[in-house]
>>> print(open('coords.txt').read())   # compact mmCIF, C-alpha atoms and all ligand atoms
# COMPACT_ATOMS: atom_id res chain seq x y z
CA MET A 1 -19.38 -55.98 -16.16
CA ARG A 2 -21.99 -57.88 -14.18
CA ILE A 3 -24.56 -59.63 -16.29
CA ILE A 4 -27.25 -62.26 -16.09
CA LEU A 5 -27.98 -64.63 -18.96
CA LEU A 6 -31.63 -65.52 -18.82
CA GLY A 7 -33.19 -68.20 -21.00
CA ALA A 8 -34.84 -71.60 -20.92
CA PRO A 9 -32.69 -74.69 -20.42
CA GLY A 10 -31.09 -75.39 -23.80
CA SER A 11 -31.33 -71.80 -25.04
CA GLY A 12 -27.54 -71.63 -25.35
CA LYS A 13 -26.62 -69.82 -22.12
CA GLY A 14 -23.65 -72.12 -21.49
CA THR A 15 -22.27 -71.65 -25.01
CA GLN A 16 -22.70 -67.88 -24.93
CA SER A 17 -21.17 -67.69 -21.44
CA ALA A 18 -18.06 -69.44 -22.73
CA TYR A 19 -17.70 -66.85 -25.53
CA LEU A 20 -18.21 -64.00 -23.05
CA VAL A 21 -15.60 -65.45 -20.68
CA ASP A 22 -13.09 -65.49 -23.55
CA LYS A 23 -13.85 -62.00 -24.82
CA TYR A 24 -14.24 -60.08 -21.56
CA GLU A 25 -12.08 -62.22 -19.24
CA ILE A 26 -14.64 -62.42 -16.47
CA PRO A 27 -15.79 -65.68 -14.87
CA GLN A 28 -18.99 -67.56 -15.62
CA ILE A 29 -20.96 -68.45 -12.51
CA SER A 30 -23.18 -71.39 -13.41
CA THR A 31 -25.22 -72.67 -10.49
CA GLY A 32 -25.91 -75.86 -12.50
CA ASP A 33 -22.16 -76.53 -12.88
CA ILE A 34 -21.48 -75.81 -9.19
CA LEU A 35 -24.30 -78.18 -8.18
CA ARG A 36 -23.24 -80.96 -10.57
CA LYS A 37 -19.70 -80.82 -9.18
CA ALA A 38 -21.05 -80.98 -5.62
CA VAL A 39 -23.09 -84.06 -6.54
CA THR A 40 -20.07 -85.77 -8.15
CA ASP A 41 -17.88 -84.90 -5.15
CA GLY A 42 -20.55 -86.20 -2.75
CA THR A 43 -20.51 -83.05 -0.59
CA GLU A 44 -23.32 -82.01 1.80
CA LEU A 45 -24.51 -79.50 -0.81
CA GLY A 46 -24.54 -82.25 -3.43
CA LYS A 47 -26.59 -84.53 -1.20
CA LYS A 48 -29.14 -81.77 -0.60
CA ALA A 49 -29.40 -80.90 -4.29
CA GLU A 50 -29.33 -84.28 -6.03
CA SER A 51 -32.99 -85.33 -5.84
CA PHE A 52 -34.22 -81.92 -7.06
CA MET A 53 -31.81 -82.03 -9.99
CA THR A 54 -32.63 -85.57 -11.08
CA SER A 55 -36.33 -84.79 -11.22
CA GLY A 56 -35.69 -81.53 -13.08
CA GLY A 57 -37.08 -79.45 -10.20
CA LEU A 58 -35.48 -76.38 -8.62
CA VAL A 59 -33.03 -76.64 -5.73
CA PRO A 60 -34.39 -74.53 -2.80
CA ASP A 61 -33.71 -70.79 -3.00
CA ASP A 62 -31.84 -70.55 0.33
CA VAL A 63 -29.34 -73.21 -0.80
CA ILE A 64 -28.73 -71.40 -4.10
CA LEU A 65 -28.43 -67.95 -2.47
CA GLY A 66 -25.92 -69.34 0.04
CA MET A 67 -23.80 -70.64 -2.85
CA ILE A 68 -23.92 -67.29 -4.64
CA ARG A 69 -23.07 -65.29 -1.52
CA GLU A 70 -20.01 -67.47 -1.04
CA ARG A 71 -18.95 -67.38 -4.70
CA LEU A 72 -19.11 -63.57 -4.82
CA GLN A 73 -16.44 -63.40 -2.14
CA ASP A 74 -13.88 -64.86 -4.53
CA GLU A 75 -11.39 -62.36 -5.89
CA ASP A 76 -11.94 -63.31 -9.53
CA THR A 77 -15.42 -61.71 -9.40
CA GLU A 78 -14.06 -58.22 -8.74
CA ARG A 79 -14.01 -57.17 -12.41
CA GLY A 80 -17.41 -58.71 -13.04
CA PHE A 81 -19.06 -62.01 -13.90
CA ILE A 82 -21.73 -63.75 -15.92
CA PHE A 83 -24.54 -65.48 -14.08
CA ASP A 84 -25.69 -68.51 -16.06
CA GLY A 85 -28.78 -70.32 -14.74
CA PHE A 86 -29.18 -67.91 -11.82
CA PRO A 87 -31.47 -66.33 -10.69
CA ARG A 88 -34.23 -68.78 -11.58
CA SER A 89 -37.14 -67.41 -9.56
CA ILE A 90 -38.40 -64.07 -8.22
CA PRO A 91 -37.26 -64.91 -4.63
CA GLN A 92 -33.76 -65.63 -6.00
CA ALA A 93 -33.73 -62.28 -7.85
CA GLU A 94 -34.84 -60.50 -4.68
CA GLY A 95 -32.21 -62.39 -2.69
CA LEU A 96 -29.60 -61.30 -5.23
CA ASP A 97 -30.71 -57.67 -4.87
CA ASP A 98 -30.17 -58.02 -1.10
CA ILE A 99 -26.72 -59.58 -1.51
CA PHE A 100 -25.70 -56.85 -3.98
CA GLY A 101 -27.02 -54.23 -1.54
CA GLU A 102 -24.91 -55.68 1.28
CA ILE A 103 -21.69 -55.76 -0.72
CA GLY A 104 -22.31 -52.55 -2.66
CA MET A 105 -22.58 -54.03 -6.15
CA THR A 106 -25.07 -53.30 -8.93
CA LEU A 107 -26.21 -55.28 -11.92
CA ASP A 108 -25.32 -53.94 -15.37
CA ARG A 109 -27.54 -55.89 -17.76
CA VAL A 110 -29.82 -58.90 -18.13
CA LEU A 111 -29.76 -60.65 -21.50
CA GLU A 112 -32.66 -62.90 -22.34
CA ILE A 113 -31.85 -65.50 -25.03
CA ARG A 114 -35.19 -66.32 -26.66
CA VAL A 115 -35.63 -69.66 -28.46
CA PRO A 116 -38.90 -71.40 -29.55
CA PHE A 117 -40.08 -74.30 -27.37
CA GLU A 118 -39.85 -77.00 -30.09
CA THR A 119 -36.26 -75.98 -30.99
CA ILE A 120 -35.28 -76.32 -27.36
CA LEU A 121 -36.89 -79.73 -26.99
CA THR A 122 -34.98 -81.03 -30.03
CA ARG A 123 -31.71 -79.43 -28.95
CA MET A 124 -31.86 -80.83 -25.44
CA THR A 125 -32.98 -84.36 -26.13
CA SER A 126 -30.14 -84.72 -28.68
CA ARG A 127 -27.52 -83.30 -26.29
CA ARG A 128 -24.86 -85.76 -25.09
CA VAL A 129 -22.01 -85.24 -22.62
CA CYS A 130 -18.86 -87.14 -21.83
CA ALA A 131 -19.31 -88.45 -18.29
CA HIS A 132 -15.53 -88.49 -17.91
CA CYS A 133 -14.31 -85.08 -19.14
CA GLY A 134 -17.52 -83.04 -19.55
CA ALA A 135 -17.20 -82.40 -23.32
CA VAL A 136 -20.60 -81.53 -24.80
CA TYR A 137 -21.96 -82.96 -28.09
CA ASN A 138 -25.19 -82.77 -30.03
CA LEU A 139 -26.31 -85.81 -32.05
CA ARG A 140 -27.76 -83.53 -34.76
CA SER A 141 -25.38 -80.63 -35.03
CA GLN A 142 -22.12 -81.81 -33.47
CA PRO A 143 -21.92 -85.58 -32.89
CA PRO A 144 -18.74 -87.31 -31.67
CA LYS A 145 -16.65 -88.66 -34.59
CA VAL A 146 -17.23 -92.24 -33.42
CA ASP A 147 -20.61 -93.04 -31.91
CA GLY A 148 -20.43 -93.05 -28.10
CA ILE A 149 -16.69 -92.24 -27.95
CA CYS A 150 -15.46 -88.87 -26.70
CA ASP A 151 -13.32 -86.98 -29.27
CA ARG A 152 -11.50 -85.16 -26.47
CA CYS A 153 -10.56 -87.89 -23.97
CA GLY A 154 -11.19 -91.07 -26.01
CA ARG A 155 -13.40 -92.76 -23.40
CA ALA A 156 -16.58 -94.62 -24.35
CA GLU A 157 -18.55 -92.50 -21.91
CA VAL A 158 -20.60 -90.19 -24.13
CA VAL A 159 -24.04 -90.33 -22.53
CA GLN A 160 -27.29 -88.46 -22.18
CA ARG A 161 -27.47 -86.33 -19.02
CA GLU A 162 -30.08 -87.89 -16.77
CA ASP A 163 -32.08 -84.65 -16.76
CA ASP A 164 -32.04 -84.36 -20.60
CA SER A 165 -34.58 -87.16 -21.21
CA GLU A 166 -37.69 -85.89 -23.01
CA GLU A 167 -39.95 -86.27 -19.98
CA THR A 168 -37.57 -84.37 -17.70
CA VAL A 169 -36.88 -81.70 -20.31
CA ARG A 170 -40.64 -81.06 -20.62
CA HIS A 171 -40.81 -80.75 -16.84
CA ARG A 172 -37.83 -78.36 -16.75
CA LEU A 173 -39.40 -76.21 -19.45
CA GLN A 174 -42.65 -76.09 -17.51
CA ILE A 175 -40.76 -74.97 -14.43
CA TYR A 176 -39.00 -72.35 -16.51
CA GLU A 177 -42.36 -70.97 -17.63
CA THR A 178 -43.82 -70.78 -14.13
CA SER A 179 -40.79 -69.85 -11.98
CA THR A 180 -38.16 -68.25 -14.21
CA ALA A 181 -40.02 -66.50 -17.06
CA PRO A 182 -41.52 -63.91 -14.61
CA LEU A 183 -37.97 -62.58 -14.23
CA VAL A 184 -38.23 -61.10 -17.72
CA GLU A 185 -40.81 -58.62 -16.47
CA TYR A 186 -38.95 -58.16 -13.17
CA TYR A 187 -35.84 -56.91 -14.96
CA GLU A 188 -37.72 -55.14 -17.75
CA ARG A 189 -39.39 -52.94 -15.12
CA ARG A 190 -35.93 -52.01 -13.83
CA GLY A 191 -34.79 -51.08 -17.34
CA LEU A 192 -32.12 -53.77 -17.33
CA LEU A 193 -33.46 -56.24 -19.89
CA SER A 194 -32.30 -56.81 -23.48
CA VAL A 195 -33.72 -59.61 -25.63
CA VAL A 196 -31.51 -61.56 -28.02
CA GLU A 197 -32.85 -63.90 -30.73
CA GLY A 198 -31.32 -67.32 -29.94
CA ASP A 199 -32.61 -69.47 -32.80
CA LYS A 200 -29.58 -69.05 -35.06
CA ALA A 201 -25.90 -70.00 -35.26
CA PRO A 202 -24.09 -69.57 -31.90
CA GLN A 203 -21.59 -67.08 -33.38
CA ASP A 204 -24.44 -64.92 -34.72
CA VAL A 205 -26.16 -64.95 -31.33
CA PHE A 206 -22.87 -63.86 -29.80
CA SER A 207 -22.44 -60.97 -32.24
CA GLU A 208 -25.89 -59.72 -31.22
CA ILE A 209 -24.97 -60.01 -27.53
CA VAL A 210 -21.78 -58.00 -28.02
CA GLN A 211 -23.76 -55.38 -29.93
CA VAL A 212 -26.31 -55.12 -27.11
CA LEU A 213 -23.56 -54.76 -24.50
CA GLU A 214 -21.86 -52.05 -26.56
CA ASP A 215 -25.10 -50.18 -27.26
CA SER A 216 -26.01 -50.19 -23.57
CA GLY A 217 -22.56 -48.91 -22.63
CA ASN A 218 -21.61 -52.09 -20.79
CA ALA A 219 -18.83 -53.48 -22.97
CA LEU A 220 -15.45 -53.16 -21.29
P1 LIG A 301 -28.63 -76.16 -15.45
O1 LIG A 301 -27.35 -76.82 -15.78
O2 LIG A 301 -28.51 -74.68 -15.25
O3 LIG A 301 -29.74 -76.52 -16.43
O4 LIG A 301 -29.10 -76.74 -14.02
C1 LIG A 301 -29.33 -78.11 -13.82
C2 LIG A 301 -30.23 -78.30 -12.61
O5 LIG A 301 -29.61 -77.74 -11.43
C3 LIG A 301 -31.58 -77.62 -12.70
O6 LIG A 301 -32.56 -78.38 -13.39
C4 LIG A 301 -31.93 -77.44 -11.22
O7 LIG A 301 -32.37 -78.66 -10.64
C5 LIG A 301 -30.58 -77.11 -10.61
N1 LIG A 301 -30.31 -75.64 -10.60
C6 LIG A 301 -29.35 -74.97 -11.30
N2 LIG A 301 -29.38 -73.65 -11.05
C7 LIG A 301 -30.41 -73.46 -10.18
C8 LIG A 301 -30.99 -72.31 -9.55
N3 LIG A 301 -30.51 -71.06 -9.76
N4 LIG A 301 -32.05 -72.51 -8.74
C9 LIG A 301 -32.54 -73.74 -8.49
N5 LIG A 301 -32.06 -74.86 -9.05
C10 LIG A 301 -31.01 -74.74 -9.89
>>> encode(input="coords.txt", output="structure tokens")
Amino acid sequence: MRIILLGAPGSGKGTQSAYLVDKYEIPQISTGDILRKAVTDGTELGKKAESFMTSGGLVPDDVILGMIRERLQDEDTERGFIFDGFPRSIPQAEGLDDIFGEIGMTLDRVLEIRVPFETILTRMTSRRVCAHCGAVYNLRSQPPKVDGICDRCGRAEVVQREDDSEETVRHRLQIYETSTAPLVEYYERRGLLSVVEGDKAPQDVFSEIVQVLEDSGNAL
């Protein structure tokens, strides 16, 4: 099963990907995660990407497509995968079509998780992460037991991601509207799009996703 999760930053793509990984035993390919690791590791890719990420802008398409081309060569993608945060622009979607054409793969379904703008702004500005182990919290819905201390690893490193400040979130949402939202029509025209209502409990969103995959004949 090869699927794309489409949705604004903060729409819950990461959470839903984790559920899908568990249920269908296929890997999540998150370009954001790959890039953040490259920045932390100080690789060439990380150096190229860092300034775009800090400002909330998009990393250039050729860099992203190179990463995807390489990732799709890994054996664990043979049974399928979930793209999370990719593609993010029409040129990336076209580039993906080319890559799929070269390696003889096709896309099964694109799921758009739709959440109102104000909900996303609140969700993202209250998101916190542990800078040490990566655990994710939300000050409103799922705060750490002790303020600033990670429940999982015990370090006092629960912080706001640099690109989750209100100003940057607004910028990221604007970029989503101009660069990424056109993908909805792109995939709708190809008959691949399903829309899922994302403004509800994560488990309920997931049930809807599973239903959509079953109804479209894509569940394994
Ligand atoms: P994410 O974790 O998906 O929100 O990504 C964090 C940041 O990484 C984004 O704000 C972009 O700067 C960069 N990024 C992630 N995926 C892509 C992509 N497919 N195209 C361009 N930039 C990306």
>>> closest_residue(input="coords.txt", among="A:Arg36, A:Lys47, A:Arg2, A:Arg172", to="Ile120 in chain A", atoms="only C-alpha atoms")
A:Arg172
>>> residues_around(input="coords.txt", residues="range 204-208 of chain A", least_positions_apart="3", cutoff="10 Å", atoms="all atoms listed in the file", output="PyMOL selection string")
chain A and resi 12+15-17+19-20+113+195-201+211-214
>>> write_last_selection(input="coords.txt", atoms="C-alpha atoms", output="mmCIF file, in the frame of the given file")
data_model
loop_
_atom_site.group_PDB
_atom_site.id
_atom_site.type_symbol
_atom_site.label_atom_id
_atom_site.label_comp_id
_atom_site.auth_asym_id
_atom_site.auth_seq_id
_atom_site.Cartn_x
_atom_site.Cartn_y
_atom_site.Cartn_z
ATOM 1 C CA GLY A 12 -27.540 -71.630 -25.350
ATOM 2 C CA THR A 15 -22.270 -71.650 -25.010
ATOM 3 C CA GLN A 16 -22.700 -67.880 -24.930
ATOM 4 C CA SER A 17 -21.170 -67.690 -21.440
ATOM 5 C CA TYR A 19 -17.700 -66.850 -25.530
ATOM 6 C CA LEU A 20 -18.210 -64.000 -23.050
ATOM 7 C CA ILE A 113 -31.850 -65.500 -25.030
ATOM 8 C CA VAL A 195 -33.720 -59.610 -25.630
ATOM 9 C CA VAL A 196 -31.510 -61.560 -28.020
ATOM 10 C CA GLU A 197 -32.850 -63.900 -30.730
ATOM 11 C CA GLY A 198 -31.320 -67.320 -29.940
ATOM 12 C CA ASP A 199 -32.610 -69.470 -32.800
ATOM 13 C CA LYS A 200 -29.580 -69.050 -35.060
ATOM 14 C CA ALA A 201 -25.900 -70.000 -35.260
ATOM 15 C CA GLN A 211 -23.760 -55.380 -29.930
ATOM 16 C CA VAL A 212 -26.310 -55.120 -27.110
ATOM 17 C CA LEU A 213 -23.560 -54.760 -24.500
ATOM 18 C CA GLU A 214 -21.860 -52.050 -26.560
#
>>> closest_atom_pairs(input="coords.txt", of="chain A", to="ligand LIG 301 (chain A)", cutoff="7 Å", atoms="only C-alpha atoms and all ligand atoms", output="JSON lines")
{"residue": "A:Pro9", "atom": "CA", "partner": "A:LIG301", "partner_atom": "O3", "distance": 5.3}
{"residue": "A:Ser30", "atom": "CA", "partner": "A:LIG301", "partner_atom": "O2", "distance": 6.5}
{"residue": "A:Thr31", "atom": "CA", "partner": "A:LIG301", "partner_atom": "N2", "distance": 4.3}
{"residue": "A:Gly32", "atom": "CA", "partner": "A:LIG301", "partner_atom": "O4", "distance": 3.6}
{"residue": "A:Asp33", "atom": "CA", "partner": "A:LIG301", "partner_atom": "O1", "distance": 6.0}
{"residue": "A:Leu35", "atom": "CA", "partner": "A:LIG301", "partner_atom": "O5", "distance": 6.2}
{"residue": "A:Phe52", "atom": "CA", "partner": "A:LIG301", "partner_atom": "O7", "distance": 5.2}
{"residue": "A:Met53", "atom": "CA", "partner": "A:LIG301", "partner_atom": "O7", "distance": 3.5}
{"residue": "A:Thr54", "atom": "CA", "partner": "A:LIG301", "partner_atom": "O7", "distance": 6.9}
{"residue": "A:Gly56", "atom": "CA", "partner": "A:LIG301", "partner_atom": "O6", "distance": 4.5}
{"residue": "A:Gly57", "atom": "CA", "partner": "A:LIG301", "partner_atom": "O7", "distance": 4.8}
{"residue": "A:Leu58", "atom": "CA", "partner": "A:LIG301", "partner_atom": "N5", "distance": 3.8}
{"residue": "A:Val59", "atom": "CA", "partner": "A:LIG301", "partner_atom": "N5", "distance": 3.9}
{"residue": "A:Pro60", "atom": "CA", "partner": "A:LIG301", "partner_atom": "C9", "distance": 6.0}
{"residue": "A:Asp61", "atom": "CA", "partner": "A:LIG301", "partner_atom": "N4", "distance": 6.2}
{"residue": "A:Ile64", "atom": "CA", "partner": "A:LIG301", "partner_atom": "N4", "distance": 5.8}
{"residue": "A:Asp84", "atom": "CA", "partner": "A:LIG301", "partner_atom": "O2", "distance": 6.8}
{"residue": "A:Gly85", "atom": "CA", "partner": "A:LIG301", "partner_atom": "O2", "distance": 4.4}
{"residue": "A:Phe86", "atom": "CA", "partner": "A:LIG301", "partner_atom": "N3", "distance": 4.0}
{"residue": "A:Pro87", "atom": "CA", "partner": "A:LIG301", "partner_atom": "N3", "distance": 4.9}
{"residue": "A:Arg88", "atom": "CA", "partner": "A:LIG301", "partner_atom": "N3", "distance": 4.7}
{"residue": "A:Arg172", "atom": "CA", "partner": "A:LIG301", "partner_atom": "O6", "distance": 6.3}
>>> write_last_selection(input="coords.txt", atoms="C-alpha atoms", output="CSV table (one decimal), keeping the file's coordinate frame")
chain,number,residue,atom,x,y,z
A,9,PRO,CA,-32.7,-74.7,-20.4
A,30,SER,CA,-23.2,-71.4,-13.4
A,31,THR,CA,-25.2,-72.7,-10.5
A,32,GLY,CA,-25.9,-75.9,-12.5
A,33,ASP,CA,-22.2,-76.5,-12.9
A,35,LEU,CA,-24.3,-78.2,-8.2
A,52,PHE,CA,-34.2,-81.9,-7.1
A,53,MET,CA,-31.8,-82.0,-10.0
A,54,THR,CA,-32.6,-85.6,-11.1
A,56,GLY,CA,-35.7,-81.5,-13.1
A,57,GLY,CA,-37.1,-79.4,-10.2
A,58,LEU,CA,-35.5,-76.4,-8.6
A,59,VAL,CA,-33.0,-76.6,-5.7
A,60,PRO,CA,-34.4,-74.5,-2.8
A,61,ASP,CA,-33.7,-70.8,-3.0
A,64,ILE,CA,-28.7,-71.4,-4.1
A,84,ASP,CA,-25.7,-68.5,-16.1
A,85,GLY,CA,-28.8,-70.3,-14.7
A,86,PHE,CA,-29.2,-67.9,-11.8
A,87,PRO,CA,-31.5,-66.3,-10.7
A,88,ARG,CA,-34.2,-68.8,-11.6
A,172,ARG,CA,-37.8,-78.4,-16.8
>>> atom_distance(input="coords.txt", atom1="CA of Ser216 in chain A", atom2="CA of Leu192 in chain A")
9.4 Å
>>> atom_distance(input="coords.txt", atom1="CA of Ile4 in chain A", atom2="CA of Arg128 in chain A")
25.3 Å
>>> closest_residue(input="coords.txt", among="A:Arg170, A:Leu139, A:Asp41, A:His132", to="Gly154 in chain A", atoms="all atoms listed in the file")
A:His132
>>> closest_residue(input="coords.txt", among="A:Cys153, A:Leu45, A:Met1, A:Leu6", to="Ala181 in chain A", atoms="only C-alpha atoms")
A:Leu6
>>> closest_residue(input="coords.txt", among="A:Pro202, A:Val158, A:Lys23, A:Ala93", to="Val146 in chain A", atoms="all atoms listed in the file")
A:Val158
>>> closest_residue(input="coords.txt", among="A:Val129, A:Leu173, A:Ile82, A:Ile3", to="Arg152 in chain A", atoms="only C-alpha atoms")
A:Val129
>>> build_atoms(input="coords.txt", residues="range 146-156 of chain A", atoms="all heavy atoms", output="PDB file, keeping the file's coordinate frame")
ATOM      1  N   VAL A 146     -16.826 -90.831 -33.508  1.00  0.00           N
ATOM      2  CA  VAL A 146     -17.230 -92.240 -33.420  1.00  0.00           C
ATOM      3  C   VAL A 146     -18.345 -92.327 -32.375  1.00  0.00           C
ATOM      4  O   VAL A 146     -18.193 -91.806 -31.260  1.00  0.00           O
ATOM      5  CB  VAL A 146     -16.026 -93.132 -32.964  1.00  0.00           C
ATOM      6  CG1 VAL A 146     -16.450 -94.596 -32.904  1.00  0.00           C
ATOM      7  CG2 VAL A 146     -14.835 -92.924 -33.881  1.00  0.00           C
ATOM      8  N   ASP A 147     -19.430 -92.972 -32.767  1.00  0.00           N
ATOM      9  CA  ASP A 147     -20.610 -93.040 -31.910  1.00  0.00           C
ATOM     10  C   ASP A 147     -20.265 -93.479 -30.477  1.00  0.00           C
ATOM     11  O   ASP A 147     -19.652 -94.531 -30.281  1.00  0.00           O
ATOM     12  CB  ASP A 147     -21.607 -94.034 -32.546  1.00  0.00           C
ATOM     13  CG  ASP A 147     -22.971 -93.923 -31.893  1.00  0.00           C
ATOM     14  OD1 ASP A 147     -23.296 -92.834 -31.389  1.00  0.00           O
ATOM     15  OD2 ASP A 147     -23.689 -94.934 -31.864  1.00  0.00           O
ATOM     16  N   GLY A 148     -20.615 -92.670 -29.511  1.00  0.00           N
ATOM     17  CA  GLY A 148     -20.430 -93.050 -28.100  1.00  0.00           C
ATOM     18  C   GLY A 148     -19.047 -92.801 -27.531  1.00  0.00           C
ATOM     19  O   GLY A 148     -18.814 -92.940 -26.337  1.00  0.00           O
ATOM     20  N   ILE A 149     -18.083 -92.436 -28.408  1.00  0.00           N
ATOM     21  CA  ILE A 149     -16.690 -92.240 -27.950  1.00  0.00           C
ATOM     22  C   ILE A 149     -16.370 -90.746 -27.915  1.00  0.00           C
ATOM     23  O   ILE A 149     -16.625 -90.018 -28.880  1.00  0.00           O
ATOM     24  CB  ILE A 149     -15.671 -92.913 -28.906  1.00  0.00           C
ATOM     25  CG1 ILE A 149     -16.080 -94.352 -29.243  1.00  0.00           C
ATOM     26  CG2 ILE A 149     -14.252 -92.823 -28.338  1.00  0.00           C
ATOM     27  CD1 ILE A 149     -15.741 -95.374 -28.205  1.00  0.00           C
ATOM     28  N   CYS A 150     -15.771 -90.300 -26.824  1.00  0.00           N
ATOM     29  CA  CYS A 150     -15.460 -88.870 -26.700  1.00  0.00           C
ATOM     30  C   CYS A 150     -14.253 -88.486 -27.559  1.00  0.00           C
ATOM     31  O   CYS A 150     -13.190 -89.105 -27.456  1.00  0.00           O
ATOM     32  CB  CYS A 150     -15.173 -88.556 -25.228  1.00  0.00           C
ATOM     33  SG  CYS A 150     -14.779 -86.809 -24.967  1.00  0.00           S
ATOM     34  N   ASP A 151     -14.431 -87.459 -28.424  1.00  0.00           N
ATOM     35  CA  ASP A 151     -13.320 -86.980 -29.270  1.00  0.00           C
ATOM     36  C   ASP A 151     -12.173 -86.483 -28.408  1.00  0.00           C
ATOM     37  O   ASP A 151     -11.010 -86.593 -28.763  1.00  0.00           O
ATOM     38  CB  ASP A 151     -13.756 -85.785 -30.141  1.00  0.00           C
ATOM     39  CG  ASP A 151     -14.833 -86.167 -31.140  1.00  0.00           C
ATOM     40  OD1 ASP A 151     -15.110 -87.363 -31.282  1.00  0.00           O
ATOM     41  OD2 ASP A 151     -15.395 -85.230 -31.761  1.00  0.00           O
ATOM     42  N   ARG A 152     -12.529 -85.854 -27.267  1.00  0.00           N
ATOM     43  CA  ARG A 152     -11.500 -85.160 -26.470  1.00  0.00           C
ATOM     44  C   ARG A 152     -10.681 -86.129 -25.634  1.00  0.00           C
ATOM     45  O   ARG A 152      -9.463 -86.082 -25.661  1.00  0.00           O
ATOM     46  CB  ARG A 152     -12.174 -84.127 -25.573  1.00  0.00           C
ATOM     47  CG  ARG A 152     -11.190 -83.184 -24.916  1.00  0.00           C
ATOM     48  CD  ARG A 152     -11.851 -81.914 -24.462  1.00  0.00           C
ATOM     49  NE  ARG A 152     -12.556 -82.095 -23.187  1.00  0.00           N
ATOM     50  CZ  ARG A 152     -13.306 -81.159 -22.621  1.00  0.00           C
ATOM     51  NH1 ARG A 152     -13.472 -79.998 -23.217  1.00  0.00           N
ATOM     52  NH2 ARG A 152     -13.902 -81.380 -21.466  1.00  0.00           N
ATOM     53  N   CYS A 153     -11.336 -87.045 -24.891  1.00  0.00           N
ATOM     54  CA  CYS A 153     -10.560 -87.890 -23.970  1.00  0.00           C
ATOM     55  C   CYS A 153     -10.504 -89.355 -24.404  1.00  0.00           C
ATOM     56  O   CYS A 153      -9.796 -90.154 -23.800  1.00  0.00           O
ATOM     57  CB  CYS A 153     -11.082 -87.768 -22.542  1.00  0.00           C
ATOM     58  SG  CYS A 153     -12.658 -88.598 -22.276  1.00  0.00           S
ATOM     59  N   GLY A 154     -11.284 -89.722 -25.452  1.00  0.00           N
ATOM     60  CA  GLY A 154     -11.190 -91.070 -26.010  1.00  0.00           C
ATOM     61  C   GLY A 154     -11.967 -92.141 -25.249  1.00  0.00           C
ATOM     62  O   GLY A 154     -11.963 -93.304 -25.646  1.00  0.00           O
ATOM     63  N   ARG A 155     -12.653 -91.753 -24.162  1.00  0.00           N
ATOM     64  CA  ARG A 155     -13.400 -92.760 -23.400  1.00  0.00           C
ATOM     65  C   ARG A 155     -14.766 -93.047 -24.041  1.00  0.00           C
ATOM     66  O   ARG A 155     -15.358 -92.156 -24.655  1.00  0.00           O
ATOM     67  CB  ARG A 155     -13.678 -92.235 -21.980  1.00  0.00           C
ATOM     68  CG  ARG A 155     -12.421 -91.886 -21.246  1.00  0.00           C
ATOM     69  CD  ARG A 155     -12.106 -92.967 -20.255  1.00  0.00           C
ATOM     70  NE  ARG A 155     -11.093 -92.477 -19.341  1.00  0.00           N
ATOM     71  CZ  ARG A 155     -11.017 -92.836 -18.069  1.00  0.00           C
ATOM     72  NH1 ARG A 155     -11.893 -93.656 -17.546  1.00  0.00           N
ATOM     73  NH2 ARG A 155     -10.049 -92.372 -17.314  1.00  0.00           N
ATOM     74  N   ALA A 156     -15.252 -94.253 -23.816  1.00  0.00           N
ATOM     75  CA  ALA A 156     -16.580 -94.620 -24.350  1.00  0.00           C
ATOM     76  C   ALA A 156     -17.643 -94.224 -23.334  1.00  0.00           C
ATOM     77  O   ALA A 156     -18.416 -95.054 -22.857  1.00  0.00           O
ATOM     78  CB  ALA A 156     -16.624 -96.111 -24.633  1.00  0.00           C
TER      79      ALA A 156
END
